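The block underneath contains the structure these notes are about, expressed in structure tokens.
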Amino acid sequence: MADLKVKIKNLLFKNPVLTASGTFGYGEEFEDFIALNKLGGFITKGTTLKSREGNAYPRMHETASGMLNAVGLQNKGIDYFIKTTYPKIKKLDTNIIVNVSGSTIEDYVAVAEKLNTLEKIPAIELNISCPNVKQGGMAFGTSCKSAAEVTRAIRKAYKKVLIVKLSPNVTDITEIARAAEAEGADAVSLINTLLGMAINAETRKPVLSTVTGGLSGPCIKPVALRMVWQTYKAVKIPIIGLGGIMNATDAIEFFLAGATAIQIGTANFIDPQTAVKVVKGINDYLKKHKINSVKEITGKI
Amino acid sequence: MADLKVKIKNLLFKNPVLTASGTFGYGEEFEDFIALNKLGGFITKGTTLKSREGNAYPRMHETASGMLNAVGLQNKGIDYFIKTTYPKIKKLDTNIIVNVSGSTIEDYVAVAEKLNTLEKIPAIELNISCPNVKQGGMAFGTSCKSAAEVTRAIRKAYKKVLIVKLSPNVTDITEIARAAEAEGADAVSLINTLLGMAINAETRKPVLSTVTGGLSGPCIKPVALRMVWQTYKAVKIPIIGLGGIMNATDAIEFFLAGATAIQIGTANFIDPQTAVKVVKGINDYLKKHKINSVKEITGKI
Amino acid sequence: MKFIKDFKILKNTAVSGDTFILELQLKEKLPQMFPGQFAEVLISKSKKTFLRRPFSIHDVNTSKNTISLFVKKVGEGTTALSKYKTGEKVNLIFPLGKGFNLTKNKKVLLIGGGCGIAPLLYLAKCLNENKNDIHILLGGRSKEDILETEKFKKSGKVYISTENGSLCEKGLVTQNPVLKNKFDKIYSCGPMPMLKEVAKIAKQKNTECEVSLENTMACGIGVCLCCVVETTKGNQCVCTEGTVFNIKDLIWQI
Amino acid sequence: MKFIKDFKILKNTAVSGDTFILELQLKEKLPQMFPGQFAEVLISKSKKTFLRRPFSIHDVNTSKNTISLFVKKVGEGTTALSKYKTGEKVNLIFPLGKGFNLTKNKKVLLIGGGCGIAPLLYLAKCLNENKNDIHILLGGRSKEDILETEKFKKSGKVYISTENGSLCEKGLVTQNPVLKNKFDKIYSCGPMPMLKEVAKIAKQKNTECEVSLENTMACGIGVCLCCVVETTKGNQCVCTEGTVFNIKDLIWQI
Ligand SMILES: Cc1cc2nc3c(=O)[nH]c(=O)nc-3n(C[C@H](O)[C@H](O)[C@H](O)COP(=O)(O)OP(=O)(O)OC[C@H]3O[C@@H](n4cnc5c(N)ncnc54)[C@H](O)[C@@H]3O)c2cc1C
Ligand SMILES: Cc1cc2nc3c(=O)[nH]c(=O)nc-3n(C[C@H](O)[C@H](O)[C@H](O)COP(=O)(O)OP(=O)(O)OC[C@H]3O[C@@H](n4cnc5c(N)ncnc54)[C@H](O)[C@@H]3O)c2cc1C
Ligand SMILES: Cc1cc2nc3c(=O)[nH]c(=O)nc-3n(C[C@H](O)[C@H](O)[C@H](O)COP(=O)(O)O)c2cc1C
Ligand SMILES: Cc1cc2nc3c(=O)[nH]c(=O)nc-3n(C[C@H](O)[C@H](O)[C@H](O)COP(=O)(O)O)c2cc1C
Ligand code: FES
Ligand code: FES
């Protein structure tokens, strides 16, 4: 067994494989398929201060090697999470990270403050990159100024590990990453979905109720890899890489590009066992190449 | 037969199907497969002032539903084009548009001026979005200021139809489109390739000699469609849409999103007859939906 | 409990020009499955099919340890699936969704439009075991769309409507005279406009009515939140809270 | 003239564990094809294969109107191709590239490493028709990699090297004693390191030498400019200016 452990600030992950927000529910949904404690961690669906109904149906469209979604942060709100979901999952032996979403800085801060008190939530992922909600979400993630602002506010309010999730819909992602780093982010995760669109030629209407949506899946992997590599050269904090990872080879590529850990997103829909297969595959790769620890390959192209 | 004719400024296209720069050589290469005069037009490989050897091999990597390229504008230069290529293709009954590339404004201008004199070149496509050349190319296309500057200079130097080809690697493509429009572009074409990257996990090296390359093919279609739609709402000049078009349905989607004409790029590699099939398919669609002219569906979602 | 398993294709039978039945065998013993449940099928031989495709469980044969899917070719994925041959493997996530609520000793009407008949065959069988008085109304555009009639006849009385009148009653399925009768419960699956019409009729007659919805799905297991329908309790996932809904819980813009 | 055509698979024959020969028949008369030319094959049943895949023309049978491809399974596309069955169709763009320059009445050596033997069989046949004195050197890691020997023997004298010595000479193909002899021309195809070694030997002996390169390709028809190799005339497309190059035109970092 190779050493798969990685650290973000003081937080230890038994392995570098997490699952991505919005593709893994709150973990429980996968218990029939995998042992959750085999994961380095999982990231919950984007959670907001108040419960949200999300966008109107249709919210999904398949594309070439990927999909568009326009869920719009449907969730039951942070209080429901704390009261109902957290007690059910807190015994899990893996890192549970809450993806914090919002449309105002005050909302973000309020959610983060509530999460401070949950013993078994060691980290939050600040989602400043959701393309499917009008105010907030992506708007914060597409300018350095607003990314800095929201990170600063959350950094003040939240004591544990703070991961900032970046949007790829920008001219220069390294600028945003540096802004988050400067304001005290402990790590950045990238990428969220690319803003895309689908049209039904027969009905001559947009497919999604919101017209545009977020593109995910293997189609975006080349863009994600490039952004991880650019960001690796730009910041000192660890990077969590994601975007189209379907198997261990993809994961290795992200490590080589500069990721300390990775997340499995859309792949969970196609094979709900992907994440554990990736853990095994990384171990096999390291053994085959006689590498002791996964940490050794981060950024090593 | 539905009316497939479209116009960009005063330039008439017999149909809205062009082929994209860098995927169609100088036309001749496709004569065994299709009758070039069935096309609305074709756009030459990016042509620069001096001949260029391009980047080192390897220059290509297949990705999920797409490919990365890092050709780096290999071409024999504008003088070779004028002396050797132009005489061979000028008799073709279709619009031959030269894709003008460069790394300084002076170079762009010099190429454009030479093209002024070629009777059978009714338009140029100004490539300010090539991600594979260090200076120039994409750098011009990722800020409003430099996009405006280069467009202004070319507009002064070039008398015929000026199309500016935009980069998708920006936070807001509508800004750049507006800048080009303000400086006198007659049309914009979008999108060029997304900046991506590939890594070989076995060798632990980047696949491309230049590390990053341009992503094209159906994987980028959702992003391209979105950008065409955004730009359609932002500018008054016609839009030439491209990015992942593989068939007539894809083309129709681009018209609905706001394109006046479209280009076939990577699809030419998979089926060199794609462009003529798309012409036929657009006609079939219009007939089936009882629409007289392709112009009627531009932007009609 | 949900499973992810490879099934072996025992038979791929063309039913009509554009429909076929896949009979799929599992090596280990099949878990219990309820009518109205579905499976998410990986179509690995289709170049353009990225996500799994959901199909209702059409029939279950416990002695052969098989399930069957009734599929209509509508696009890349289903067309590729139609070409799978005996002996090939397909991967399924199953059984998904909650299925229909089964009545006992009641007079029930099953209404299926087009390939909406898919979940109704197994439903009819189970209702039959529960000693219900079963009436089955099948509809389609023309007689070519009316399929599996003989199989349905084994569980109940069959009524047929075709839009062009090429078989039995002419008109929409929702115009069939059998709907004038009183039933204790209506079960239905088919295209949305039909379901809405069925719901309207059931409401008017104050008849209990369950419909199975086919919203587009990415995951089928309740995590992507793409398949939602508006209900009295807010947006609910069709894949986990449905696919079967009692119409009184749905907020439909009828 | 290049063509884009559907071919029917007459036979798909496993040659070894990871190689197979596809025999492909064209309905209309085959155009003339030269040894060393290749085809771009659309592998439509492979989910993950986006671009066409290039394969050398291994053999041509004008009486059956077939060509054959000799393919090694190395990834998704070739593995999917290996599963195609008799009667299925594959689409080809062909014939591509310039092919080898054929000598007449000369003493020639053909050197093939691994699946680099693919273009050499048809080459040997054509050289044979041209009344050359043909010597064929085949190399591989072990005897399992030495394939098609009997077919080659019909056109010339066959020499074999295996790296592990499990068949004939032990060592690299470029260490085979036959290379000590004087030839008028050497033709070679195989992995890059082997080709470079062959080129070195040919240069030393001042022997005319042509090699066939297998640079990764997107289009195969000279428009993407992805497949270039450095030559004395600058970067040239392997797909149109090659795939066969005289080594004196190549600038190799030997
Ligand atoms: C719970 C559920 C159960 C289903 N059961 C059956 C069944 O038993 N038999 C059967 O034949 N079909 C069933 N369907 C529909 C089936 O899933 C789709 O026909 C299939 O996914 C189409 O795949 P494709 O790749 O062939 O089509 P695509 O190429 O993806 O699409 C072709 C056309 O079908 C439409 N389409 C795609 N997916 C769906 C969908 N999920 N629902 C409705 N339309 C869609 C598209 O909008 C498009 O117009 C069911 C759907 C759901 C959600
Ligand atoms: C002109 C030409 C002629 C060829 N003739 C033959 C032939 O007759 N028989 C034969 O078996 N193969 C031949 N090849 C190689 C063949 O094209 C590749 O093996 C094939 O494209 C791999 O496809 P895949 O989808 O199975 O592999 P992929 O999954 O795409 O890749 C698997 C591995 O193969 C490597 N690879 C992919 N494409 C190429 C390539 N073009 N050249 C070298 N390595 C590659 C990849 O880097 C990777 O390591 C030829 C290549 C060229 C350019
Ligand atoms: C259906 C769906 C819902 C998502 N919801 C969220 C979310 O709530 N918060 C968030 O930060 N990212 C969300 N994402 C983005 C993913 O976490 C991930 O960044 C993206 O999908 C790219 O990774 P992938 O290609 O591996 O899926 C969602 C993605 C999908 C497909
Ligand atoms: C191999 C290759 C070479 C290209 N060369 C050029 C070029 O010289 N100039 C240019 O403006 N665009 C170039 N492009 C970009 C295409 O013209 C087009 O914008 C892009 O590929 C997206 O369209 P597609 O997805 O239909 O291919 C090139 C693309 C490819 C794949
Ligand atoms: S399909 Fe994903 S939640 Fe229902
Ligand atoms: S493969 Fe495109 S130019 Fe050779």
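In the structure tokens, the first chain shown is A, the next is B, and so on; residue numbers restart at 1 for each chain, and ligands run from 1 in the order shown.
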
8 Å shell around ligand 3 using only C-alpha atoms and all ligand atoms, listed as a PyMOL selection string: (chain A and resi 19-23+44-47+60+66-74+99-101+125-130+165+190-193+214-221+242-246+263-267) or (chain C and resi 218+223-226)

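The residue set within 6 Å of Glu163 (chain C), counting only C-alpha atoms and dropping same-chain residues fewer than 6 places from it, reads C:Arg141, C:Lys170, C:Gly171, C:Leu172.
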
Contacts of region 106-122 of chain C at 8 Å (only C-alpha atoms; same-chain gap of 4+ positions) as a VMD selection string: chain C and resid 35 to 37 56 to 60 69 to 72 126 131 to 140 145 to 146 151 to 152 173 183 to 191 194

Test item: residues lying within 12 Å of ligand 5 with only C-alpha atoms and all ligand atoms, as a PyMOL selection string: (chain A and resi 22-25+29+45+57-61+69+71+74+266+268-270+272) or (chain C and resi 38-40+51-54+96-97+213-229+235-243)

Interface list for chain C, partner chain D, 6 Å threshold, only C-alpha atoms, as a PyMOL selection string: chain C and resi 45-47

Those selected residues, please, written with all heavy atoms and delivered as a PDB file, in the first residue's frame.
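The resulting selection15.pdb:
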ATOM      1  N   LYS C  45     -21.782   0.749 -25.763  1.00  0.00           N
ATOM      2  CA  LYS C  45     -21.390   0.690 -27.170  1.00  0.00           C
ATOM      3  C   LYS C  45     -21.871   1.899 -27.978  1.00  0.00           C
ATOM      4  O   LYS C  45     -21.651   1.947 -29.181  1.00  0.00           O
ATOM      5  CB  LYS C  45     -21.914  -0.601 -27.809  1.00  0.00           C
ATOM      6  CG  LYS C  45     -21.136  -1.822 -27.307  1.00  0.00           C
ATOM      7  CD  LYS C  45     -21.163  -2.985 -28.264  1.00  0.00           C
ATOM      8  CE  LYS C  45     -22.552  -3.330 -28.725  1.00  0.00           C
ATOM      9  NZ  LYS C  45     -22.568  -4.612 -29.473  1.00  0.00           N
ATOM     10  N   SER C  46     -22.519   2.843 -27.323  1.00  0.00           N
ATOM     11  CA  SER C  46     -23.001   4.005 -28.063  1.00  0.00           C
ATOM     12  C   SER C  46     -22.020   5.161 -27.930  1.00  0.00           C
ATOM     13  O   SER C  46     -21.738   5.641 -26.839  1.00  0.00           O
ATOM     14  CB  SER C  46     -24.360   4.437 -27.534  1.00  0.00           C
ATOM     15  OG  SER C  46     -24.676   5.719 -28.001  1.00  0.00           O
ATOM     16  N   LYS C  47     -21.484   5.594 -29.051  1.00  0.00           N
ATOM     17  CA  LYS C  47     -20.474   6.629 -29.061  1.00  0.00           C
ATOM     18  C   LYS C  47     -20.968   7.909 -28.409  1.00  0.00           C
ATOM     19  O   LYS C  47     -20.236   8.606 -27.745  1.00  0.00           O
ATOM     20  CB  LYS C  47     -20.112   6.937 -30.520  1.00  0.00           C
ATOM     21  CG  LYS C  47     -18.667   7.297 -30.749  1.00  0.00           C
ATOM     22  CD  LYS C  47     -18.458   7.673 -32.209  1.00  0.00           C
ATOM     23  CE  LYS C  47     -17.010   7.934 -32.502  1.00  0.00           C
ATOM     24  NZ  LYS C  47     -16.208   6.718 -32.571  1.00  0.00           N
TER      25      LYS C  47
END

Identify, with DSSP run on backbone atoms, the residues in region 148-197 of chain C assigned to strand (DSSP E or B), and express the list as a short mmCIF file (atom, residue, chain, number, x, y, z; two decimals) with all heavy atoms, in the first residue's frame.
data_model
loop_
_atom_site.label_atom_id
_atom_site.label_comp_id
_atom_site.auth_asym_id
_atom_site.auth_seq_id
_atom_site.Cartn_x
_atom_site.Cartn_y
_atom_site.Cartn_z
N LYS C 157 -58.90 -7.09 -18.78
CA LYS C 157 -59.63 -6.80 -20.00
C LYS C 157 -58.95 -5.63 -20.70
O LYS C 157 -58.64 -4.62 -20.07
CB LYS C 157 -61.07 -6.45 -19.63
CG LYS C 157 -62.00 -6.28 -20.81
CD LYS C 157 -63.46 -6.56 -20.41
CE LYS C 157 -64.35 -6.68 -21.64
NZ LYS C 157 -64.62 -5.46 -22.36
N VAL C 158 -58.72 -5.79 -22.01
CA VAL C 158 -57.97 -4.76 -22.72
C VAL C 158 -58.88 -3.92 -23.63
O VAL C 158 -59.74 -4.45 -24.34
CB VAL C 158 -56.85 -5.42 -23.56
CG1 VAL C 158 -56.18 -4.38 -24.47
CG2 VAL C 158 -55.79 -6.05 -22.64
N TYR C 159 -58.68 -2.60 -23.58
CA TYR C 159 -59.39 -1.64 -24.43
C TYR C 159 -58.33 -0.89 -25.25
O TYR C 159 -57.23 -0.67 -24.76
CB TYR C 159 -60.18 -0.64 -23.59
CG TYR C 159 -61.04 -1.29 -22.55
CD1 TYR C 159 -60.50 -1.74 -21.35
CD2 TYR C 159 -62.41 -1.47 -22.78
CE1 TYR C 159 -61.27 -2.35 -20.40
CE2 TYR C 159 -63.20 -2.09 -21.82
CZ TYR C 159 -62.64 -2.52 -20.64
OH TYR C 159 -63.41 -3.14 -19.69
N ILE C 160 -58.71 -0.51 -26.45
CA ILE C 160 -57.71 0.11 -27.31
C ILE C 160 -58.26 1.35 -28.00
O ILE C 160 -59.40 1.36 -28.47
CB ILE C 160 -57.22 -0.91 -28.36
CG1 ILE C 160 -56.34 -1.97 -27.66
CG2 ILE C 160 -56.42 -0.24 -29.48
CD1 ILE C 160 -56.04 -3.19 -28.49
N SER C 161 -57.42 2.40 -28.04
CA SER C 161 -57.74 3.58 -28.83
C SER C 161 -56.59 3.88 -29.77
O SER C 161 -55.43 3.80 -29.36
CB SER C 161 -57.91 4.81 -27.93
OG SER C 161 -59.18 4.87 -27.37
N THR C 162 -56.91 4.23 -31.01
CA THR C 162 -55.84 4.73 -31.89
C THR C 162 -56.30 6.07 -32.46
O THR C 162 -57.48 6.25 -32.78
CB THR C 162 -55.57 3.75 -33.06
OG1 THR C 162 -56.78 3.48 -33.73
CG2 THR C 162 -54.95 2.47 -32.56
N GLU C 169 -61.21 1.85 -31.04
CA GLU C 169 -61.75 3.20 -30.94
C GLU C 169 -60.86 4.23 -31.63
O GLU C 169 -59.65 4.23 -31.45
CB GLU C 169 -61.87 3.61 -29.46
CG GLU C 169 -62.85 2.80 -28.67
CD GLU C 169 -64.29 2.99 -29.16
OE1 GLU C 169 -64.62 4.10 -29.64
OE2 GLU C 169 -65.06 2.01 -29.08
N LYS C 170 -61.47 5.13 -32.36
CA LYS C 170 -60.69 6.21 -32.97
C LYS C 170 -60.65 7.39 -32.00
O LYS C 170 -61.66 7.75 -31.41
CB LYS C 170 -61.34 6.64 -34.28
CG LYS C 170 -60.64 7.84 -34.90
CD LYS C 170 -61.11 8.13 -36.32
CE LYS C 170 -60.45 9.45 -36.75
NZ LYS C 170 -60.28 9.53 -38.19
N LYS C 185 -59.41 2.97 -8.85
CA LYS C 185 -58.09 3.60 -8.98
C LYS C 185 -57.65 3.56 -10.43
O LYS C 185 -57.90 2.58 -11.14
CB LYS C 185 -57.07 2.88 -8.09
CG LYS C 185 -55.71 3.56 -8.05
CD LYS C 185 -54.91 3.16 -6.82
CE LYS C 185 -53.58 3.88 -6.76
NZ LYS C 185 -52.85 3.55 -5.54
N ILE C 186 -56.97 4.60 -10.83
CA ILE C 186 -56.39 4.63 -12.17
C ILE C 186 -54.87 4.69 -12.02
O ILE C 186 -54.34 5.46 -11.21
CB ILE C 186 -56.89 5.87 -12.96
CG1 ILE C 186 -58.40 5.77 -13.20
CG2 ILE C 186 -56.14 6.01 -14.29
CD1 ILE C 186 -59.00 6.99 -13.88
N TYR C 187 -54.20 3.89 -12.82
CA TYR C 187 -52.73 3.92 -12.91
C TYR C 187 -52.38 4.33 -14.33
O TYR C 187 -52.95 3.77 -15.28
CB TYR C 187 -52.13 2.54 -12.67
CG TYR C 187 -52.33 1.97 -11.29
CD1 TYR C 187 -53.37 1.09 -11.03
CD2 TYR C 187 -51.45 2.29 -10.25
CE1 TYR C 187 -53.55 0.54 -9.77
CE2 TYR C 187 -51.63 1.74 -8.98
CZ TYR C 187 -52.67 0.86 -8.75
OH TYR C 187 -52.82 0.32 -7.51
N SER C 188 -51.42 5.22 -14.50
CA SER C 188 -51.14 5.61 -15.87
C SER C 188 -49.67 5.96 -16.09
O SER C 188 -48.97 6.43 -15.20
CB SER C 188 -52.01 6.81 -16.26
OG SER C 188 -51.87 7.08 -17.63
N CYS C 189 -49.24 5.70 -17.31
CA CYS C 189 -47.90 6.10 -17.73
C CYS C 189 -47.96 6.41 -19.22
O CYS C 189 -48.60 5.70 -19.99
CB CYS C 189 -46.88 4.98 -17.46
SG CYS C 189 -45.18 5.45 -17.89
#

Residues flagged alpha helix (DSSP H) by DSSP in region 108-210 of chain D, as a PyMOL selection string: chain D and resi 120-129+149-153+192-205

Check: which chain B residues lie within 7 Å of chain A using only C-alpha atoms, as a list in words: Ala64, Ser65, Thr142, Asn169, Val170, Thr171, Leu195, Gly196, Met197, Ala198, Ile199, Ala201, Arg204, Lys205, Pro206, Thr212, Pro218, Cys219, Pro222, Val223, Leu225, Arg226, Thr249, Ile252, Glu253, Leu256 and Ile301 of chain B

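Closest to chain D among B:Phe42, B:Phe140, B:Phe81, B:Tyr26 is B:Tyr26, based on only C-alpha atoms.
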
If you count only C-alpha atoms, which residues fall within 8 Å of Val294 (chain A), apart from same-chain ones fewer than 3 positions away, as an mmCIF file with N, CA, C and O atoms, in the first residue's frame?
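Final file, selection.cif:
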data_model
loop_
_atom_site.group_PDB
_atom_site.id
_atom_site.type_symbol
_atom_site.label_atom_id
_atom_site.label_comp_id
_atom_site.auth_asym_id
_atom_site.auth_seq_id
_atom_site.Cartn_x
_atom_site.Cartn_y
_atom_site.Cartn_z
ATOM 1 N N ALA A 2 0.715 2.059 -1.028
ATOM 2 C CA ALA A 2 1.454 3.319 -1.073
ATOM 3 C C ALA A 2 0.828 4.296 -0.076
ATOM 4 O O ALA A 2 -0.288 4.097 0.384
ATOM 5 N N ASP A 3 1.553 5.346 0.241
ATOM 6 C CA ASP A 3 1.045 6.340 1.172
ATOM 7 C C ASP A 3 0.133 7.312 0.405
ATOM 8 O O ASP A 3 0.592 8.089 -0.412
ATOM 9 N N LEU A 4 -1.163 7.219 0.717
ATOM 10 C CA LEU A 4 -2.119 8.048 -0.018
ATOM 11 C C LEU A 4 -2.526 9.287 0.774
ATOM 12 O O LEU A 4 -3.321 10.092 0.305
ATOM 13 N N LYS A 5 -1.987 9.420 1.977
ATOM 14 C CA LYS A 5 -2.430 10.517 2.834
ATOM 15 C C LYS A 5 -1.980 11.881 2.296
ATOM 16 O O LYS A 5 -0.860 12.044 1.821
ATOM 17 N N VAL A 6 -2.882 12.833 2.376
ATOM 18 C CA VAL A 6 -2.527 14.211 2.046
ATOM 19 C C VAL A 6 -3.093 15.125 3.120
ATOM 20 O O VAL A 6 -3.973 14.746 3.881
ATOM 21 N N ILE A 282 -5.134 4.735 -7.973
ATOM 22 C CA ILE A 282 -4.000 5.593 -7.627
ATOM 23 C C ILE A 282 -2.940 4.761 -6.912
ATOM 24 O O ILE A 282 -1.747 4.853 -7.205
ATOM 25 N N LEU A 286 0.916 4.118 -8.157
ATOM 26 C CA LEU A 286 2.094 4.460 -7.365
ATOM 27 C C LEU A 286 2.981 3.235 -7.178
ATOM 28 O O LEU A 286 4.213 3.316 -7.283
ATOM 29 N N ILE A 291 6.525 4.667 -6.511
ATOM 30 C CA ILE A 291 6.465 5.969 -5.842
ATOM 31 C C ILE A 291 5.864 5.726 -4.467
ATOM 32 O O ILE A 291 4.839 5.057 -4.337
ATOM 33 N N ILE A 297 4.010 13.268 -6.355
ATOM 34 C CA ILE A 297 3.796 13.559 -7.773
ATOM 35 C C ILE A 297 3.085 14.887 -8.026
ATOM 36 O O ILE A 297 2.934 15.302 -9.175
ATOM 37 N N THR A 298 2.659 15.540 -6.962
ATOM 38 C CA THR A 298 1.970 16.818 -7.162
ATOM 39 C C THR A 298 2.862 17.814 -7.906
ATOM 40 O O THR A 298 3.954 18.139 -7.452
#

Selection: 10 Å around region 102-110 of chain A, only C-alpha atoms, excl. self and same-chain fewer than 4 positions, as a PyMOL selection string: chain A and resi 46-50+73+78+114-115+126-128+130+133-140+146+149-158

Residue neighbourhood Leu30 (chain C), 10 Å, only C-alpha atoms, exclusion window fewer than 6 positions, as a PyMOL selection string: chain C and resi 3+60-62+64-67+95

Using only C-alpha atoms: which of B:Asp32, B:Ile8, B:Leu39, B:Ile262 has the shortest distance to Val276 (chain B): B:Leu39
